[in-house]
Amino acid sequence: MPPRKGQFGPKNPTATAKIPLPQCDGPKLHPFADDKASLEFVRLLSDPTLDADAHVFEVSIGGQSYALKAFKFYDDEEDHWVLDEFERDLLSQPGAGNQAPLDHLNYYFDPFYNECRAYGKLIEAKLNGEVAVHCHGYLMLSPEHEDEMDHRFGITGWKRPIEEYDKSPSERQPLRAIVKDLVLEDTEWTPRVANKMLRDLKKMRKLEIYAMDIKPENYKAGLLVDLSLALTAPHVVFQIKPEFQTRGYKNQDLVDFDAMIRDQKVKTRIRAFRSAETAKKLRSYKGQSRSGG
Ligand SMILES: Nc1ncnc2c1ncn2[C@@H]1O[C@H](COP(=O)(O)OP(=O)(O)OP(=O)(O)O)[C@@H](O)[C@H]1O
Ligand SMILES: [Mg+2]
């Protein structure tokens, strides 16, 4: 079937609200600028057989090629993987400096919002396109787009909340998507590229963005493309978890980076985790020697 042209801006009111998301403390992602442009699906880029949080397409919007990541809905009953019941209760207490009442917790765990918050912070820091693939904002898909993904690519099962099943397509929440630069040409994993990737990771750490999913499939041409598991400060996990645990989360990217570079057989001596640990030890050693005169 030839590609069909559709329009953004489904009837659902939440879809047409052009506000930065998510609506909670911290960084937010702006909507895609040209929401009147026509959207054509070109082909599926991601593997539909994987149990992923999203499907990624090559699309054309207003005649320009992009990658569009369409997110499944997030089921907070089966997830919030890092919070136990006690912590969830604590976060739902009003006051006490809580960043997030319970009904806002999804802003910190839904993969769509994770990407919104991470990209929002990168954009604020003027690093859009430098450490992760350039992001052009979010957009809401129409029921017609949803139909097209079903008919042309066999993509269904967006994990909609059960109460939406009886509703007509136009009454349901729209599917949410994030638009990014399309990267078709990959680069070789040279030591130079690996070095740049590590510098990028360190820039993200400085901003307190932790990707939490460092692996070769999430890089294209040396740039991160996947931030859907990212923990971006301010974050309820950093607020509620003991320090030793948050330190573990924060170091995970470094550990994974080293494993990835080893698996890719990059001929380099750079080590992310060791160098960060060494730097920390050096700092504390210097601190001691200063205080000791
Ligand atoms: N901007 C892009 N340009 C080209 N290809 C891309 C781009 N973004 C993603 N892809 C391709 O799509 C695949 C899946 O994308 P991504 O890693 O963002 O989502 P996912 O892993 O399916 O979802 P999630 O991690 O949220 O479960 C990537 O491994 C890559 O091959
Ligand atoms: Mg991925």
# chains A, B, ... in the order shown; residues from 1 in each chain; ligands from 1

$ residues_near_ligand --ligand "ligand 1" --cutoff "10 Å" --atoms "only C-alpha atoms and all ligand atoms" --output "PyMOL selection string"
chain A and resi 44-58+66-72+110-112+114-115+132-135+178-186+213-221+223-230

$ write_last_selection --atoms "C-alpha atoms" --output "mmCIF file, in the first residue's frame"
data_model
loop_
_atom_site.group_PDB
_atom_site.id
_atom_site.type_symbol
_atom_site.label_atom_id
_atom_site.label_comp_id
_atom_site.auth_asym_id
_atom_site.auth_seq_id
_atom_site.Cartn_x
_atom_site.Cartn_y
_atom_site.Cartn_z
ATOM 1 C CA LEU A 44 10.225 0.573 10.088
ATOM 2 C CA LEU A 45 13.749 0.929 11.521
ATOM 3 C CA SER A 46 13.385 -1.013 14.782
ATOM 4 C CA ASP A 47 12.885 -4.737 15.213
ATOM 5 C CA PRO A 48 9.151 -5.346 15.857
ATOM 6 C CA THR A 49 9.829 -8.779 17.384
ATOM 7 C CA LEU A 50 11.676 -7.252 20.351
ATOM 8 C CA ASP A 51 9.742 -6.463 23.499
ATOM 9 C CA ALA A 52 10.711 -2.799 23.253
ATOM 10 C CA ASP A 53 8.993 0.279 24.678
ATOM 11 C CA ALA A 54 8.616 1.824 21.251
ATOM 12 C CA HIS A 55 8.719 1.402 17.481
ATOM 13 C CA VAL A 56 11.039 3.559 15.398
ATOM 14 C CA PHE A 57 10.221 4.603 11.821
ATOM 15 C CA GLU A 58 11.848 6.517 9.049
ATOM 16 C CA TYR A 66 13.380 12.077 10.229
ATOM 17 C CA ALA A 67 13.414 9.155 12.655
ATOM 18 C CA LEU A 68 10.168 8.979 14.603
ATOM 19 C CA LYS A 69 10.009 6.977 17.826
ATOM 20 C CA ALA A 70 6.405 6.075 18.687
ATOM 21 C CA PHE A 71 6.039 4.983 22.312
ATOM 22 C CA LYS A 72 3.868 2.284 23.799
ATOM 23 C CA ASP A 110 7.326 6.312 31.468
ATOM 24 C CA PRO A 111 9.884 5.805 28.642
ATOM 25 C CA PHE A 112 8.332 8.668 26.630
ATOM 26 C CA ASN A 114 12.233 9.732 30.240
ATOM 27 C CA GLU A 115 13.275 10.783 26.747
ATOM 28 C CA ALA A 132 22.910 12.207 21.470
ATOM 29 C CA VAL A 133 21.168 12.353 18.106
ATOM 30 C CA HIS A 134 19.478 15.712 17.433
ATOM 31 C CA CYS A 135 15.928 15.857 18.789
ATOM 32 C CA ILE A 178 9.601 11.890 19.521
ATOM 33 C CA VAL A 179 11.147 13.192 16.306
ATOM 34 C CA LYS A 180 14.912 12.904 15.796
ATOM 35 C CA ASP A 181 17.476 13.239 13.058
ATOM 36 C CA LEU A 182 17.559 10.169 10.867
ATOM 37 C CA VAL A 183 20.984 8.529 10.926
ATOM 38 C CA LEU A 184 21.397 6.157 8.024
ATOM 39 C CA GLU A 185 25.176 5.877 7.806
ATOM 40 C CA ASP A 186 26.914 4.243 10.726
ATOM 41 C CA ASP A 213 20.977 1.520 28.602
ATOM 42 C CA ILE A 214 24.447 1.782 27.101
ATOM 43 C CA LYS A 215 24.822 -0.828 24.367
ATOM 44 C CA PRO A 216 25.844 -0.869 20.674
ATOM 45 C CA GLU A 217 22.240 -0.938 19.338
ATOM 46 C CA ASN A 218 21.589 2.372 21.087
ATOM 47 C CA TYR A 219 24.333 4.184 19.193
ATOM 48 C CA LYS A 220 24.225 5.363 15.590
ATOM 49 C CA ALA A 221 27.292 6.971 14.028
ATOM 50 C CA LEU A 223 25.730 9.185 18.914
ATOM 51 C CA LEU A 224 23.262 7.846 21.456
ATOM 52 C CA VAL A 225 19.799 7.369 19.960
ATOM 53 C CA ASP A 226 17.955 5.821 22.893
ATOM 54 C CA LEU A 227 17.271 7.686 26.141
ATOM 55 C CA SER A 228 14.053 5.953 27.097
ATOM 56 C CA LEU A 229 15.467 4.505 30.311
ATOM 57 C CA ALA A 230 17.380 7.642 31.261
#

$ residues_around --residues "Glu208 (chain A)" --least-positions-apart "6" --cutoff "10 Å" --atoms "only C-alpha atoms" --output "VMD selection string"
chain A and resid 118 121 202 230 to 235 250

$ write_last_selection --atoms "N, CA and C atoms" --output "mmCIF file, in the first residue's frame"
data_model
loop_
_atom_site.group_PDB
_atom_site.id
_atom_site.type_symbol
_atom_site.label_atom_id
_atom_site.label_comp_id
_atom_site.auth_asym_id
_atom_site.auth_seq_id
_atom_site.Cartn_x
_atom_site.Cartn_y
_atom_site.Cartn_z
ATOM 1 N N ALA A 118 15.290 13.856 29.406
ATOM 2 C CA ALA A 118 16.719 13.812 29.049
ATOM 3 C C ALA A 118 17.021 14.778 27.902
ATOM 4 N N LYS A 121 16.836 18.441 28.906
ATOM 5 C CA LYS A 121 18.032 18.939 29.597
ATOM 6 C C LYS A 121 19.189 19.149 28.617
ATOM 7 N N LYS A 202 30.445 11.586 29.647
ATOM 8 C CA LYS A 202 30.862 12.412 30.790
ATOM 9 C C LYS A 202 30.128 13.753 30.799
ATOM 10 N N ALA A 230 16.505 6.679 30.576
ATOM 11 C CA ALA A 230 17.380 7.642 31.261
ATOM 12 C C ALA A 230 16.804 8.117 32.592
ATOM 13 N N LEU A 231 17.687 8.236 33.563
ATOM 14 C CA LEU A 231 17.362 8.907 34.821
ATOM 15 C C LEU A 231 17.978 10.306 34.722
ATOM 16 N N THR A 232 17.130 11.319 34.759
ATOM 17 C CA THR A 232 17.586 12.710 34.618
ATOM 18 C C THR A 232 17.217 13.476 35.882
ATOM 19 N N ALA A 233 18.189 14.115 36.503
ATOM 20 C CA ALA A 233 17.906 14.893 37.722
ATOM 21 C C ALA A 233 17.160 16.193 37.367
ATOM 22 N N PRO A 234 16.242 16.684 38.204
ATOM 23 C CA PRO A 234 15.811 16.096 39.465
ATOM 24 C C PRO A 234 14.950 14.858 39.225
ATOM 25 N N HIS A 235 15.201 13.819 40.025
ATOM 26 C CA HIS A 235 14.492 12.562 39.805
ATOM 27 C C HIS A 235 14.105 11.934 41.139
ATOM 28 N N LYS A 250 24.215 5.462 39.070
ATOM 29 C CA LYS A 250 24.966 6.494 38.344
ATOM 30 C C LYS A 250 26.228 5.935 37.689
#

$ residues_around --residues "Pro143 (chain A)" --least-positions-apart "3" --cutoff "7 Å" --atoms "only C-alpha atoms" --output "PDB file with C-alpha atoms, in the first residue's frame"
ATOM      1  CA  GLU A 146      -2.086   4.418  14.225  1.00  0.00           C
ATOM      2  CA  ASP A 147      -4.147   2.675  11.537  1.00  0.00           C
ATOM      3  CA  PRO A 169     -10.218   5.802  18.216  1.00  0.00           C
ATOM      4  CA  SER A 170     -10.793   9.570  18.395  1.00  0.00           C
TER       5      SER A 170
END

$ residues_around --residues "Ala259 (chain A)" --least-positions-apart "5" --cutoff "10 Å" --atoms "only C-alpha atoms" --output "NGL selection string"
:A and (214-215 or 253-254 or 264-265 or 271-272)

$ select_by_dssp --residues "region 86-139 of chain A" --states "alpha helix (DSSP H)" --output "PyMOL selection string"
chain A and resi 86-92+111-124

$ write_last_selection --atoms "C-alpha atoms" --output "PDB file, in the first residue's frame"
ATOM      1  CA  PHE A  86       7.296   1.702  51.047  1.00  0.00           C
ATOM      2  CA  GLU A  87       9.053   4.173  48.751  1.00  0.00           C
ATOM      3  CA  ARG A  88       5.952   4.663  46.627  1.00  0.00           C
ATOM      4  CA  ASP A  89       3.938   5.388  49.779  1.00  0.00           C
ATOM      5  CA  LEU A  90       6.536   7.834  50.967  1.00  0.00           C
ATOM      6  CA  LEU A  91       6.539   9.670  47.663  1.00  0.00           C
ATOM      7  CA  SER A  92       2.769   9.922  47.708  1.00  0.00           C
ATOM      8  CA  PRO A 111       9.884   5.805  28.642  1.00  0.00           C
ATOM      9  CA  PHE A 112       8.332   8.668  26.630  1.00  0.00           C
ATOM     10  CA  TYR A 113       8.756  11.104  29.508  1.00  0.00           C
ATOM     11  CA  ASN A 114      12.233   9.732  30.240  1.00  0.00           C
ATOM     12  CA  GLU A 115      13.275  10.783  26.747  1.00  0.00           C
ATOM     13  CA  CYS A 116      11.449  14.124  27.052  1.00  0.00           C
ATOM     14  CA  ARG A 117      13.290  14.945  30.276  1.00  0.00           C
ATOM     15  CA  ALA A 118      16.719  13.812  29.049  1.00  0.00           C
ATOM     16  CA  TYR A 119      16.434  15.636  25.717  1.00  0.00           C
ATOM     17  CA  GLY A 120      14.916  18.666  27.458  1.00  0.00           C
ATOM     18  CA  LYS A 121      18.032  18.939  29.597  1.00  0.00           C
ATOM     19  CA  LEU A 122      20.398  18.415  26.652  1.00  0.00           C
ATOM     20  CA  ILE A 123      18.591  21.146  24.722  1.00  0.00           C
ATOM     21  CA  GLU A 124      18.738  23.511  27.738  1.00  0.00           C
TER      22      GLU A 124
END

$ closest_residue --among "A:Leu201, A:Met212, A:Ala33, A:Val59" --to "ligand 2" --atoms "only C-alpha atoms and all ligand atoms"
A:Met212

$ atom_distance --atom1 "CA of Met140 (chain A)" --atom2 "CA of Ala177 (chain A)"
6.0 Å

$ closest_residue --among "A:Glu40, A:Ala211, A:His30, A:Thr246" --to "ligand 2" --atoms "only C-alpha atoms and all ligand atoms"
A:Ala211

$ select_by_dssp --residues "region 57-221 of chain A" --states "strand (DSSP E)" --output "ChimeraX atom specification"
/A:57-61,64-71,135-141,175-180,209-210,219-220

$ residues_around --residues "Glu188 (chain A)" --least-positions-apart "5" --cutoff "10 Å" --atoms "only C-alpha atoms" --output "list in words"
Val193, Ala194, Ala221, Gly222 and Val266 of chain A

$ atom_distance --atom1 "CA of Phe32 (chain A)" --atom2 "CA of His136 (chain A)"
5.8 Å

$ atom_distance --atom1 "CA of Thr268 (chain A)" --atom2 "CA of Ile209 (chain A)"
25.1 Å
